[in-house]
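*Asks:* File start.csv follows (CSV, C-alpha atoms (C1' of nucleotides)):
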chain,number,residue,atom,x,y,z
A,1,MET,CA,195.3,162.0,-7.7
A,2,SER,CA,193.9,164.9,-9.6
A,3,LEU,CA,193.2,163.4,-13.0
A,4,GLN,CA,189.9,162.3,-11.4
A,5,HIS,CA,189.1,165.9,-10.6
A,6,ALA,CA,190.1,167.0,-14.0
A,7,LEU,CA,187.6,164.4,-15.4
A,8,LEU,CA,184.9,165.5,-13.0
A,9,THR,CA,185.3,169.1,-14.1
A,10,SER,CA,185.1,168.0,-17.8
A,11,ILE,CA,182.0,166.0,-17.1
A,12,VAL,CA,180.4,168.8,-15.2
A,13,GLU,CA,181.0,171.0,-18.2
A,14,LYS,CA,179.3,168.5,-20.5
A,15,PRO,CA,178.4,164.9,-19.8
A,16,CYS,CA,179.9,162.5,-22.3
A,17,SER,CA,181.6,159.2,-23.0
A,18,GLY,CA,185.1,158.2,-22.2
A,19,TYR,CA,186.1,158.4,-25.8
A,20,ASP,CA,184.7,161.9,-26.1
A,21,LEU,CA,186.5,162.9,-22.9
A,22,ALA,CA,189.8,161.6,-24.3
A,23,ARG,CA,189.3,163.7,-27.4
A,24,ARG,CA,188.1,166.8,-25.6
A,25,PHE,CA,191.0,166.5,-23.3
A,26,ASP,CA,193.4,166.9,-26.1
A,27,LYS,CA,191.8,170.3,-26.9
A,28,SER,CA,191.1,171.8,-23.5
A,29,ILE,CA,192.1,170.5,-20.1
A,30,GLY,CA,194.7,168.3,-21.8
A,31,TYR,CA,196.8,171.4,-22.6
A,32,PHE,CA,197.7,171.6,-18.9
A,33,TRP,CA,196.7,168.1,-17.6
A,34,HIS,CA,197.5,165.5,-20.2
A,35,ALA,CA,196.1,162.0,-20.0
A,36,THR,CA,195.9,159.0,-22.3
A,37,HIS,CA,192.6,157.2,-23.1
A,38,GLN,CA,193.7,154.3,-20.9
A,39,GLN,CA,194.1,156.5,-17.9
A,40,ILE,CA,190.8,158.1,-18.6
A,41,TYR,CA,188.9,154.8,-18.8
A,42,ARG,CA,190.5,153.5,-15.6
A,43,GLU,CA,189.7,156.6,-13.6
A,44,LEU,CA,186.1,156.6,-15.0
A,45,ALA,CA,185.7,153.0,-13.8
A,46,ARG,CA,187.0,153.9,-10.4
A,47,MET,CA,184.9,157.0,-10.0
A,48,GLU,CA,181.8,154.9,-10.9
A,49,GLU,CA,182.7,152.4,-8.2
A,50,GLN,CA,183.1,155.3,-5.7
A,51,GLY,CA,179.7,156.7,-6.7
A,52,TRP,CA,181.1,159.9,-8.1
A,53,VAL,CA,179.7,159.4,-11.6
A,54,SER,CA,177.1,157.3,-13.2
A,55,SER,CA,177.1,155.8,-16.6
A,56,SER,CA,174.3,154.8,-19.0
A,57,GLU,CA,174.2,153.3,-22.4
A,58,VAL,CA,173.7,155.8,-25.1
A,59,GLU,CA,170.7,155.0,-27.1
A,60,GLY,CA,171.0,155.7,-30.8
A,61,GLY,CA,174.8,155.7,-30.4
A,62,ARG,CA,177.3,153.0,-31.2
A,63,ALA,CA,177.0,149.7,-29.3
A,64,GLY,CA,178.7,149.9,-26.0
A,65,LYS,CA,178.9,153.7,-25.9
A,66,LYS,CA,178.3,155.1,-22.5
A,67,ARG,CA,177.5,158.5,-21.2
A,68,PHE,CA,178.9,159.6,-17.9
A,69,ASP,CA,177.2,162.1,-15.6
A,70,ILE,CA,178.3,163.5,-12.3
A,71,LEU,CA,176.6,162.5,-9.1
A,72,PRO,CA,176.1,164.6,-6.0
A,73,ALA,CA,179.0,162.8,-4.3
A,74,GLY,CA,181.2,163.7,-7.3
A,75,ARG,CA,180.2,167.3,-7.1
A,76,MET,CA,181.0,167.4,-3.4
A,77,GLU,CA,184.3,165.8,-3.9
A,78,LEU,CA,185.2,168.3,-6.6
A,79,GLN,CA,184.4,171.2,-4.3
A,80,ARG,CA,186.3,169.6,-1.4
A,81,TRP,CA,189.4,169.1,-3.6
A,82,ALA,CA,189.3,172.5,-5.1
A,83,ALA,CA,189.5,174.2,-1.7
A,84,GLU,CA,192.4,171.9,-0.6
A,85,SER,CA,195.9,173.2,-0.3
A,86,ALA,CA,198.7,171.6,-2.3
A,87,ALA,CA,202.2,172.1,-3.5
A,88,PRO,CA,202.5,174.4,-6.5
A,89,MET,CA,203.9,172.8,-9.7
A,90,ARG,CA,207.6,172.3,-10.0
A,91,LEU,CA,209.8,173.0,-13.0
A,92,ARG,CA,210.9,169.6,-14.3
A,93,ASP,CA,212.8,169.9,-17.5
A,94,ASP,CA,215.1,167.2,-18.9
A,95,MET,CA,216.8,169.8,-21.1
A,96,LEU,CA,218.3,171.4,-18.0
A,97,VAL,CA,219.8,168.1,-17.0
A,98,ARG,CA,221.2,167.8,-20.5
A,99,LEU,CA,222.7,171.2,-20.3
A,100,ARG,CA,224.2,170.4,-17.0
A,101,ALA,CA,225.8,167.3,-18.4
A,102,ASP,CA,227.1,169.4,-21.3
A,103,ALA,CA,228.7,171.8,-18.8
A,104,ALA,CA,230.3,168.9,-16.9
A,105,VAL,CA,231.7,166.7,-19.7
A,106,GLY,CA,232.0,169.2,-22.6
A,107,PRO,CA,230.0,170.1,-25.7
A,108,LEU,CA,227.4,167.4,-26.5
A,109,GLY,CA,225.8,169.1,-29.6
A,110,LEU,CA,222.6,170.1,-28.0
A,111,THR,CA,221.8,172.9,-30.4
A,112,GLY,CA,219.9,170.7,-32.9
A,113,GLU,CA,217.6,169.6,-30.2
A,114,LEU,CA,217.2,173.1,-28.8
A,115,GLU,CA,216.2,174.3,-32.3
A,116,ARG,CA,213.7,171.5,-32.6
A,117,ARG,CA,212.1,172.4,-29.3
A,118,LEU,CA,212.1,176.0,-30.1
A,119,ALA,CA,210.0,175.3,-33.1
A,120,LEU,CA,207.6,173.2,-31.1
A,121,HIS,CA,207.2,175.9,-28.5
A,122,GLU,CA,206.6,178.5,-31.1
A,123,GLN,CA,204.0,176.3,-32.7
A,124,GLU,CA,202.3,175.7,-29.4
A,125,LEU,CA,202.3,179.5,-28.8
A,126,ALA,CA,200.8,180.1,-32.2
A,127,THR,CA,198.0,177.6,-31.4
A,128,TYR,CA,197.3,179.4,-28.1
A,129,ARG,CA,197.3,182.8,-29.8
A,130,ALA,CA,194.8,181.5,-32.4
A,131,ILE,CA,192.5,180.4,-29.6
A,132,GLU,CA,192.9,183.8,-28.0
A,133,GLN,CA,191.8,185.5,-31.1
A,134,ARG,CA,189.0,183.2,-31.8
A,135,ASP,CA,187.5,183.0,-28.3
A,136,PHE,CA,188.5,186.0,-26.3
A,137,SER,CA,188.8,189.0,-28.5
A,138,ARG,CA,185.3,190.3,-27.9
A,139,GLN,CA,184.9,192.1,-24.6
A,140,PRO,CA,183.4,192.1,-22.1
A,141,LEU,CA,183.8,188.5,-21.1
A,142,SER,CA,181.5,186.6,-18.7
A,143,ARG,CA,183.1,185.4,-15.4
A,144,GLU,CA,183.4,181.9,-17.0
A,145,ALA,CA,185.1,183.2,-20.1
A,146,GLU,CA,187.4,185.4,-18.1
A,147,ILE,CA,188.6,182.4,-16.1
A,148,HIS,CA,189.0,180.4,-19.3
A,149,TYR,CA,191.0,183.2,-20.7
A,150,LEU,CA,193.1,183.4,-17.6
A,151,ILE,CA,193.9,179.7,-18.0
A,152,LEU,CA,194.9,180.2,-21.6
A,153,LYS,CA,197.1,183.1,-20.5
A,154,ALA,CA,199.0,180.7,-18.2
A,155,GLY,CA,199.8,178.6,-21.3
A,156,ILE,CA,200.7,181.7,-23.4
A,157,SER,CA,203.0,183.0,-20.7
A,158,PHE,CA,204.6,179.6,-20.2
A,159,GLU,CA,205.3,179.1,-23.9
A,160,GLU,CA,206.6,182.7,-24.3
A,161,GLY,CA,209.0,182.1,-21.5
A,162,ARG,CA,210.2,178.9,-23.1
A,163,VAL,CA,210.7,180.5,-26.5
A,164,GLN,CA,212.7,183.4,-25.1
A,165,TRP,CA,214.8,181.1,-22.9
A,166,THR,CA,215.5,178.6,-25.6
A,167,LYS,CA,216.7,181.4,-27.9
A,168,GLU,CA,219.0,182.6,-25.2
A,169,ALA,CA,220.3,179.0,-24.7
A,170,LEU,CA,221.0,178.7,-28.4
A,171,ALA,CA,222.9,182.0,-28.4
A,172,ILE,CA,225.1,180.9,-25.5
A,173,LEU,CA,225.8,177.5,-26.9
A,174,GLN,CA,226.6,178.8,-30.3
A,175,LYS,CA,228.8,181.6,-29.0
A,176,LYS,CA,231.1,179.2,-27.2
A,177,GLN,CA,230.9,176.4,-29.8
A,178,PRO,CA,231.2,177.7,-33.4
A,179,PRO,CA,229.7,176.1,-36.5
A,180,ALA,CA,231.7,172.9,-36.1
A,181,ARG,CA,229.1,170.2,-35.5
B,1,MET,CA,214.1,157.3,-17.4
B,2,SER,CA,216.1,160.4,-17.0
B,3,LEU,CA,216.7,160.4,-13.2
B,4,GLN,CA,219.5,158.0,-14.0
B,5,HIS,CA,221.0,160.6,-16.3
B,6,ALA,CA,220.6,163.3,-13.8
B,7,LEU,CA,222.4,161.1,-11.2
B,8,LEU,CA,225.2,160.3,-13.7
B,9,THR,CA,225.7,164.0,-14.3
B,10,SER,CA,225.9,164.7,-10.7
B,11,ILE,CA,228.4,161.9,-10.2
B,12,VAL,CA,230.5,163.1,-13.1
B,13,GLU,CA,230.6,166.5,-11.4
B,14,LYS,CA,231.7,165.0,-8.1
B,15,PRO,CA,231.7,161.3,-7.1
B,16,CYS,CA,230.0,160.8,-3.8
B,17,SER,CA,227.6,158.7,-1.8
B,18,GLY,CA,223.8,158.2,-2.3
B,19,TYR,CA,223.2,160.3,0.8
B,20,ASP,CA,225.3,163.1,-0.5
B,21,LEU,CA,223.6,162.9,-3.8
B,22,ALA,CA,220.2,163.2,-2.1
B,23,ARG,CA,221.4,166.3,-0.3
B,24,ARG,CA,223.2,167.9,-3.2
B,25,PHE,CA,220.1,167.3,-5.4
B,26,ASP,CA,218.1,169.5,-3.1
B,27,LYS,CA,220.4,172.3,-3.9
B,28,SER,CA,221.2,171.9,-7.6
B,29,ILE,CA,219.7,169.5,-10.1
B,30,GLY,CA,216.9,169.0,-7.7
B,31,TYR,CA,215.6,172.5,-8.5
B,32,PHE,CA,214.5,171.2,-11.9
B,33,TRP,CA,214.6,167.4,-11.5
B,34,HIS,CA,213.3,166.5,-8.0
B,35,ALA,CA,214.0,163.1,-6.5
B,36,THR,CA,213.6,161.5,-3.1
B,37,HIS,CA,216.4,159.5,-1.4
B,38,GLN,CA,214.5,156.3,-2.1
B,39,GLN,CA,214.5,156.9,-5.8
B,40,ILE,CA,218.1,157.8,-5.7
B,41,TYR,CA,219.2,154.6,-3.9
B,42,ARG,CA,217.1,152.5,-6.2
B,43,GLU,CA,218.5,154.0,-9.4
B,44,LEU,CA,222.1,153.9,-8.0
B,45,ALA,CA,221.6,150.1,-7.4
B,46,ARG,CA,220.3,149.6,-10.9
B,47,MET,CA,223.1,151.6,-12.5
B,48,GLU,CA,225.6,149.6,-10.6
B,49,GLU,CA,224.0,146.4,-12.0
B,50,GLN,CA,224.2,147.8,-15.5
B,51,GLY,CA,227.8,148.7,-15.0
B,52,TRP,CA,227.3,152.4,-15.4
B,53,VAL,CA,228.7,153.3,-12.0
B,54,SER,CA,230.9,151.5,-9.4
B,55,SER,CA,230.7,151.8,-5.7
B,56,SER,CA,233.4,151.4,-3.0
B,57,GLU,CA,233.3,151.6,0.7
B,58,VAL,CA,234.6,155.0,2.0
B,59,GLU,CA,237.5,154.5,4.3
B,60,GLY,CA,237.5,156.8,7.3
B,61,GLY,CA,233.8,157.5,6.8
B,62,ARG,CA,230.8,156.1,8.5
B,63,ALA,CA,230.2,152.3,8.4
B,64,GLY,CA,228.5,151.3,5.2
B,65,LYS,CA,229.1,154.6,3.4
B,66,LYS,CA,229.8,154.1,-0.3
B,67,ARG,CA,231.3,156.3,-2.9
B,68,PHE,CA,229.9,156.1,-6.4
B,69,ASP,CA,232.1,156.8,-9.5
B,70,ILE,CA,231.1,156.8,-13.1
B,71,LEU,CA,232.4,154.0,-15.3
B,72,PRO,CA,233.1,154.3,-19.1
B,73,ALA,CA,229.8,152.7,-19.9
B,74,GLY,CA,228.0,155.3,-17.8
B,75,ARG,CA,229.8,158.1,-19.6
B,76,MET,CA,228.9,156.7,-22.9
B,77,GLU,CA,225.3,156.3,-21.9
B,78,LEU,CA,225.2,159.9,-20.7
B,79,GLN,CA,226.5,161.1,-24.0
B,80,ARG,CA,224.1,158.9,-26.0
B,81,TRP,CA,221.2,160.2,-24.0
B,82,ALA,CA,222.1,163.8,-24.2
B,83,ALA,CA,222.1,163.7,-28.0
B,84,GLU,CA,218.7,161.9,-28.0
B,85,SER,CA,215.6,163.8,-29.1
B,86,ALA,CA,212.6,163.9,-26.7
B,87,ALA,CA,209.4,165.7,-26.2
B,88,PRO,CA,209.8,169.1,-24.5
B,89,MET,CA,208.3,169.5,-21.0
B,90,ARG,CA,204.6,170.0,-20.7
B,91,LEU,CA,202.8,172.5,-18.5
B,92,ARG,CA,201.0,170.4,-15.8
B,93,ASP,CA,199.3,172.6,-13.2
B,94,ASP,CA,196.6,171.5,-10.9
B,95,MET,CA,195.7,175.1,-10.2
B,96,LEU,CA,194.4,175.4,-13.8
B,97,VAL,CA,192.2,172.4,-13.2
B,98,ARG,CA,190.9,174.1,-10.0
B,99,LEU,CA,190.2,177.3,-11.9
B,100,ARG,CA,188.3,175.5,-14.6
B,101,ALA,CA,186.2,173.7,-12.0
B,102,ASP,CA,185.6,177.2,-10.4
B,103,ALA,CA,184.4,178.4,-13.8
B,104,ALA,CA,182.1,175.5,-14.3
B,105,VAL,CA,180.4,175.2,-10.9
B,106,GLY,CA,180.8,178.7,-9.5
B,107,PRO,CA,183.2,180.4,-7.0
B,108,LEU,CA,185.1,177.9,-4.9
B,109,GLY,CA,187.2,180.3,-2.9
B,110,LEU,CA,190.5,179.8,-4.6
B,111,THR,CA,192.0,183.2,-3.6
B,112,GLY,CA,193.5,181.9,-0.3
B,113,GLU,CA,195.3,179.1,-2.1
B,114,LEU,CA,196.4,181.5,-4.9
B,115,GLU,CA,197.9,183.8,-2.3
B,116,ARG,CA,199.7,181.0,-0.6
B,117,ARG,CA,201.2,179.9,-3.8
B,118,LEU,CA,202.1,183.4,-4.8
B,119,ALA,CA,204.2,183.7,-1.6
B,120,LEU,CA,205.9,180.4,-2.4
B,121,HIS,CA,206.8,181.4,-5.9
B,122,GLU,CA,208.1,184.8,-4.6
B,123,GLN,CA,210.2,183.0,-2.1
B,124,GLU,CA,211.6,180.6,-4.7
B,125,LEU,CA,212.4,183.5,-7.0
B,126,ALA,CA,214.2,185.2,-4.1
B,127,THR,CA,216.3,182.1,-3.6
B,128,TYR,CA,217.2,182.0,-7.2
B,129,ARG,CA,218.1,185.7,-7.2
B,130,ALA,CA,220.3,185.2,-4.3
B,131,ILE,CA,222.2,182.4,-6.1
B,132,GLU,CA,222.5,184.7,-9.1
B,133,GLN,CA,224.1,187.4,-7.0
B,134,ARG,CA,226.4,185.0,-5.2
B,135,ASP,CA,227.6,182.9,-8.2
B,136,PHE,CA,227.2,184.9,-11.4
B,137,SER,CA,227.7,188.5,-10.7
B,138,ARG,CA,231.4,188.5,-11.6
B,139,GLN,CA,232.0,188.5,-15.4
B,140,PRO,CA,233.3,187.1,-17.6
B,141,LEU,CA,232.1,183.6,-16.9
B,142,SER,CA,233.6,180.3,-18.0
B,143,ARG,CA,231.7,178.1,-20.4
B,144,GLU,CA,230.6,175.9,-17.5
B,145,ALA,CA,229.5,178.9,-15.4
B,146,GLU,CA,227.7,180.4,-18.3
B,147,ILE,CA,225.7,177.2,-18.8
B,148,HIS,CA,225.0,176.9,-15.1
B,149,TYR,CA,223.7,180.5,-15.2
B,150,LEU,CA,221.6,179.7,-18.2
B,151,ILE,CA,220.0,176.9,-16.2
B,152,LEU,CA,219.4,179.2,-13.3
B,153,LYS,CA,217.8,181.7,-15.6
B,154,ALA,CA,215.3,179.1,-16.7
B,155,GLY,CA,214.2,178.8,-13.1
B,156,ILE,CA,214.1,182.6,-12.7
B,157,SER,CA,212.0,183.1,-15.8
B,158,PHE,CA,209.7,180.3,-14.8
B,159,GLU,CA,209.1,181.7,-11.3
B,160,GLU,CA,208.8,185.3,-12.6
B,161,GLY,CA,206.1,184.1,-15.0
B,162,ARG,CA,204.3,182.3,-12.2
B,163,VAL,CA,204.4,185.3,-9.9
B,164,GLN,CA,203.0,187.6,-12.5
B,165,TRP,CA,200.3,185.2,-13.6
B,166,THR,CA,199.2,184.4,-10.1
B,167,LYS,CA,198.8,188.1,-9.4
B,168,GLU,CA,196.6,188.4,-12.5
B,169,ALA,CA,194.6,185.4,-11.4
B,170,LEU,CA,194.0,187.0,-8.0
B,171,ALA,CA,193.0,190.3,-9.6
B,172,ILE,CA,190.4,188.5,-11.8
B,173,LEU,CA,189.0,186.4,-9.0
B,174,GLN,CA,188.7,189.3,-6.6
B,175,LYS,CA,187.1,191.6,-9.2
B,176,LYS,CA,184.3,189.2,-9.8
B,177,GLN,CA,183.9,188.0,-6.2
B,178,PRO,CA,184.2,190.9,-3.7
B,179,PRO,CA,185.6,190.5,-0.1
B,180,ALA,CA,182.9,188.0,0.9
B,181,ARG,CA,184.9,184.9,1.5
C,1,DC,C1',186.0,144.4,-49.5
C,2,DA,C1',189.4,146.9,-47.3
C,3,DC,C1',190.3,150.9,-44.6
C,4,DT,C1',189.5,154.2,-41.3
C,5,DC,C1',187.3,155.9,-37.4
C,6,DC,C1',184.5,155.0,-33.2
C,7,DA,C1',184.6,153.0,-28.7
C,8,DT,C1',186.0,150.2,-25.2
C,9,DG,C1',189.2,147.8,-22.6
C,10,DT,C1',193.6,144.4,-20.6
C,11,DA,C1',198.4,143.8,-19.4
C,12,DA,C1',203.0,144.8,-18.4
C,13,DG,C1',206.4,147.7,-16.8
C,14,DG,C1',208.5,151.8,-15.1
C,15,DG,C1',208.6,155.9,-12.2
C,16,DG,C1',207.3,158.5,-8.1
C,17,DT,C1',205.5,158.9,-3.2
C,18,DT,C1',205.0,157.5,1.5
C,19,DA,C1',205.7,154.8,5.3
C,20,DC,C1',208.6,151.9,7.8
C,21,DA,C1',213.1,149.9,9.3
C,22,DT,C1',217.9,149.7,10.9
C,23,DG,C1',222.1,150.9,12.9
C,24,DA,C1',226.2,154.0,13.5
C,25,DT,C1',228.0,158.5,14.9
C,26,DT,C1',228.0,163.0,16.7
C,27,DT,C1',226.2,166.4,20.0
C,28,DA,C1',223.9,168.4,24.1
D,1,DT,C1',222.6,158.8,27.9
D,2,DA,C1',219.2,160.8,25.0
D,3,DA,C1',218.4,163.1,20.8
D,4,DA,C1',219.6,164.5,16.3
D,5,DT,C1',221.9,163.5,12.2
D,6,DC,C1',224.3,160.3,9.0
D,7,DA,C1',223.6,156.6,5.9
D,8,DT,C1',221.4,152.9,3.9
D,9,DG,C1',217.7,150.3,2.5
D,10,DT,C1',212.5,147.5,2.0
D,11,DA,C1',207.7,147.4,0.9
D,12,DA,C1',203.4,148.9,-0.8
D,13,DC,C1',200.9,151.7,-3.5
D,14,DC,C1',199.6,154.6,-7.1
D,15,DC,C1',200.2,156.9,-11.5
D,16,DC,C1',201.7,157.0,-16.3
D,17,DT,C1',203.2,155.0,-20.6
D,18,DT,C1',203.2,151.7,-24.2
D,19,DA,C1',201.7,147.9,-26.5
D,20,DC,C1',198.2,144.9,-27.5
D,21,DA,C1',193.2,143.4,-28.2
D,22,DT,C1',188.4,143.6,-29.7
D,23,DG,C1',184.6,144.6,-32.4
D,24,DG,C1',181.1,147.7,-34.7
D,25,DA,C1',180.0,151.4,-38.1
D,26,DG,C1',180.8,154.2,-41.9
D,27,DT,C1',183.5,155.2,-46.4
D,28,DG,C1',186.0,154.5,-50.8
Any chance you could give the structure as structure tokens?
*Replies:*
Amino acid sequence: MSLQHALLTSIVEKPCSGYDLARRFDKSIGYFWHATHQQIYRELARMEEQGWVSSSEVEGGRAGKKRFDILPAGRMELQRWAAESAAPMRLRDDMLVRLRADAAVGPLGLTGELERRLALHEQELATYRAIEQRDFSRQPLSREAEIHYLILKAGISFEEGRVQWTKEALAILQKKQPPAR
Amino acid sequence: MSLQHALLTSIVEKPCSGYDLARRFDKSIGYFWHATHQQIYRELARMEEQGWVSSSEVEGGRAGKKRFDILPAGRMELQRWAAESAAPMRLRDDMLVRLRADAAVGPLGLTGELERRLALHEQELATYRAIEQRDFSRQPLSREAEIHYLILKAGISFEEGRVQWTKEALAILQKKQPPAR
DNA sequence: CACTCCATGTAAGGGGTTACATGATTTA
DNA sequence: TAAATCATGTAACCCCTTACATGGAGTG
């Protein structure tokens, strides 16, 4: 149940509408905690019921547009949750299942898909590197910026690992299974 | 819907009961595709309905114990799925949300939790290293072993990345926020 | 006037988690 | 004979995904 907390964090950073949240998510917290707009609207409604956030019609905006603000109870909840202990994230990768199937039943022609994913990981890495250059190249950084940079570095390290590993996977599959197919 | 395929793979490797699958999962595919025994029983029942696997009472075993075998349709499905293209795994880490909350509202005392997770990641890494020594230190490896090793290396690289990153996170949080809590 | 973007939502279905339930077999 | 382990399952709940629905506002 931590999408709620991701939303609370985003609202603390800057109060806004569900639509704005959905878009901002794609470019910030969404990099490491993805959510669709349907999830976001549902959780916002629940949090309003619970008294964690309040909504008000935006004047001068489009009809029906709301702005969400955090309430004291929401702030308390965010602090309570942040201090809570939880299981660290697990690796959960369907490609590893595919590879194990390949090992069990014989070559399944996974190299094409591996190449496709390699390109995606490289692209994601390039995106992160661009953000790094744009936002964090000027030292010294504030405490806030330093933590944001730390978060970005988690993404960079993850994608770098993926890129390297995927290259190794391709090398091994191609070694054992020459150009044919 | 890829738990079914993980189960098919495991059954191809060695036909067995749902209970055995649940236990074997914890020590093989479960490292990168976790599932509880309830999920496993449910998916096995569905796959039997679909004609992907067959079950038969085990003679000489405990009452009610079944053995699942893969059927031709299951094998076909496994191959079809393996060749399918899909989105690569996403990073999804609640700690990054917590850090962002910390950046937004001020120090939340995350170092204790980071230390706890660091220890868990180091422990997981040690487990993987032990498997590496035990199963993959004698060269050359068969194609199957080479792929199993590749899968293990995905886990090793992931945990190594986590360990390094978590240490960096601790350094940054402690720098800005001296011993006091 | 049609198209796109803004902005909100409902509904259905699947997957995952947790709690609970049942009974047989081995082990102390 | 009591406890632990083997072995299977049901039920409830929540989260996530996908498809569908609605209508206003700006743009060509």
*Asks:* CA of Asp26 in chain B and CA of Ile70 in chain B are how many Å apart?
*Replies:*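 For CA of Asp26 in chain B relative to CA of Ile70 in chain B, the distance reads 20.7 Å.
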*Asks:* For the contact check between chain C and chain B, emit one row per residue of chain C within 12 Å, containing the shortest atom pair and the distance in Å rounded to one decimal, counting all atoms listed in the file, chain then rising number order, as a tab-separated table.
*Replies:*
residue	atom	partner	partner_atom	distance
C:DG14	C1'	B:Met1	CA	8.2
C:DG15	C1'	B:Met1	CA	7.7
C:DG16	C1'	B:Gln39	CA	7.7
C:DT17	C1'	B:Thr36	CA	8.5
C:DT18	C1'	B:Gln38	CA	10.2
C:DA19	C1'	B:Gln38	CA	11.6
C:DG23	C1'	B:Ala63	CA	9.4
C:DA24	C1'	B:Ala63	CA	6.7
C:DT25	C1'	B:Arg62	CA	7.4
C:DT26	C1'	B:Arg62	CA	11.1
*Asks:* Using C-alpha atoms (C1' of nucleotides), can you export the residues from the last selection as a short mmCIF file (atom, residue, chain, number, x, y, z; two decimals), in the coordinates of the input?
*Replies:*
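Below is the file part_31.cif, written as the result:
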data_model
loop_
_atom_site.label_atom_id
_atom_site.label_comp_id
_atom_site.auth_asym_id
_atom_site.auth_seq_id
_atom_site.Cartn_x
_atom_site.Cartn_y
_atom_site.Cartn_z
"C1'" DG C 14 208.50 151.80 -15.10
"C1'" DG C 15 208.60 155.90 -12.20
"C1'" DG C 16 207.30 158.50 -8.10
"C1'" DT C 17 205.50 158.90 -3.20
"C1'" DT C 18 205.00 157.50 1.50
"C1'" DA C 19 205.70 154.80 5.30
"C1'" DG C 23 222.10 150.90 12.90
"C1'" DA C 24 226.20 154.00 13.50
"C1'" DT C 25 228.00 158.50 14.90
"C1'" DT C 26 228.00 163.00 16.70
#
*Asks:* Mind giving me the straight-line distance from CA of Ile40 in chain A to CA of Asp135 in chain A in Å, one decimal?
*Replies:* 26.9 Å
*Asks:* Wanna dump the chain D-chain B contacts at 8 Å for me, each residue with its shortest atom pair and the distance in Å to one decimal, counting all atoms listed in the file, ordered by chain and number, as CSV?
*Replies:*
residue,atom,partner,partner_atom,distance
D:DC6,C1',B:Arg62,CA,7.8
D:DA7,C1',B:Tyr19,CA,6.3
D:DT8,C1',B:Gly64,CA,7.4
D:DG9,C1',B:Tyr41,CA,7.9
*Asks:* With distances taken over all atoms listed in the file, which of B:Glu144, B:Glu124, B:Glu160, B:Glu77 is nearest to chain A?
*Replies:* B:Glu144
*Asks:* Return as a ChimeraX atom specification the residues belonging to chain A that are within 7 Å of chain B, counting all atoms listed in the file.
*Replies:* /A:6,9,12-13,32-33,79,82-83,85,88-89,91-93,96-101,103-104,108-110,113,117,143-144,147-148,150-151,154,157,161,165,169,176
*Asks:* Just to be explicit: take each residue in the selection above, keep C-alpha atoms, and write the result as a compact mmCIF listing (two decimals), in the coordinates of the input.
*Replies:*
# COMPACT_ATOMS: atom_id res chain seq x y z
CA ALA A 6 190.10 167.00 -14.00
CA THR A 9 185.30 169.10 -14.10
CA VAL A 12 180.40 168.80 -15.20
CA GLU A 13 181.00 171.00 -18.20
CA PHE A 32 197.70 171.60 -18.90
CA TRP A 33 196.70 168.10 -17.60
CA GLN A 79 184.40 171.20 -4.30
CA ALA A 82 189.30 172.50 -5.10
CA ALA A 83 189.50 174.20 -1.70
CA SER A 85 195.90 173.20 -0.30
CA PRO A 88 202.50 174.40 -6.50
CA MET A 89 203.90 172.80 -9.70
CA LEU A 91 209.80 173.00 -13.00
CA ARG A 92 210.90 169.60 -14.30
CA ASP A 93 212.80 169.90 -17.50
CA LEU A 96 218.30 171.40 -18.00
CA VAL A 97 219.80 168.10 -17.00
CA ARG A 98 221.20 167.80 -20.50
CA LEU A 99 222.70 171.20 -20.30
CA ARG A 100 224.20 170.40 -17.00
CA ALA A 101 225.80 167.30 -18.40
CA ALA A 103 228.70 171.80 -18.80
CA ALA A 104 230.30 168.90 -16.90
CA LEU A 108 227.40 167.40 -26.50
CA GLY A 109 225.80 169.10 -29.60
CA LEU A 110 222.60 170.10 -28.00
CA GLU A 113 217.60 169.60 -30.20
CA ARG A 117 212.10 172.40 -29.30
CA ARG A 143 183.10 185.40 -15.40
CA GLU A 144 183.40 181.90 -17.00
CA ILE A 147 188.60 182.40 -16.10
CA HIS A 148 189.00 180.40 -19.30
CA LEU A 150 193.10 183.40 -17.60
CA ILE A 151 193.90 179.70 -18.00
CA ALA A 154 199.00 180.70 -18.20
CA SER A 157 203.00 183.00 -20.70
CA GLY A 161 209.00 182.10 -21.50
CA TRP A 165 214.80 181.10 -22.90
CA ALA A 169 220.30 179.00 -24.70
CA LYS A 176 231.10 179.20 -27.20
*Asks:* Can you tell me how far CA of Ala119 in chain A sits from CA of Ile131 in chain A, in Å to one decimal?
*Replies:*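 Atom-to-atom, CA of Ala119 in chain A to CA of Ile131 in chain A, that is 18.6 Å.
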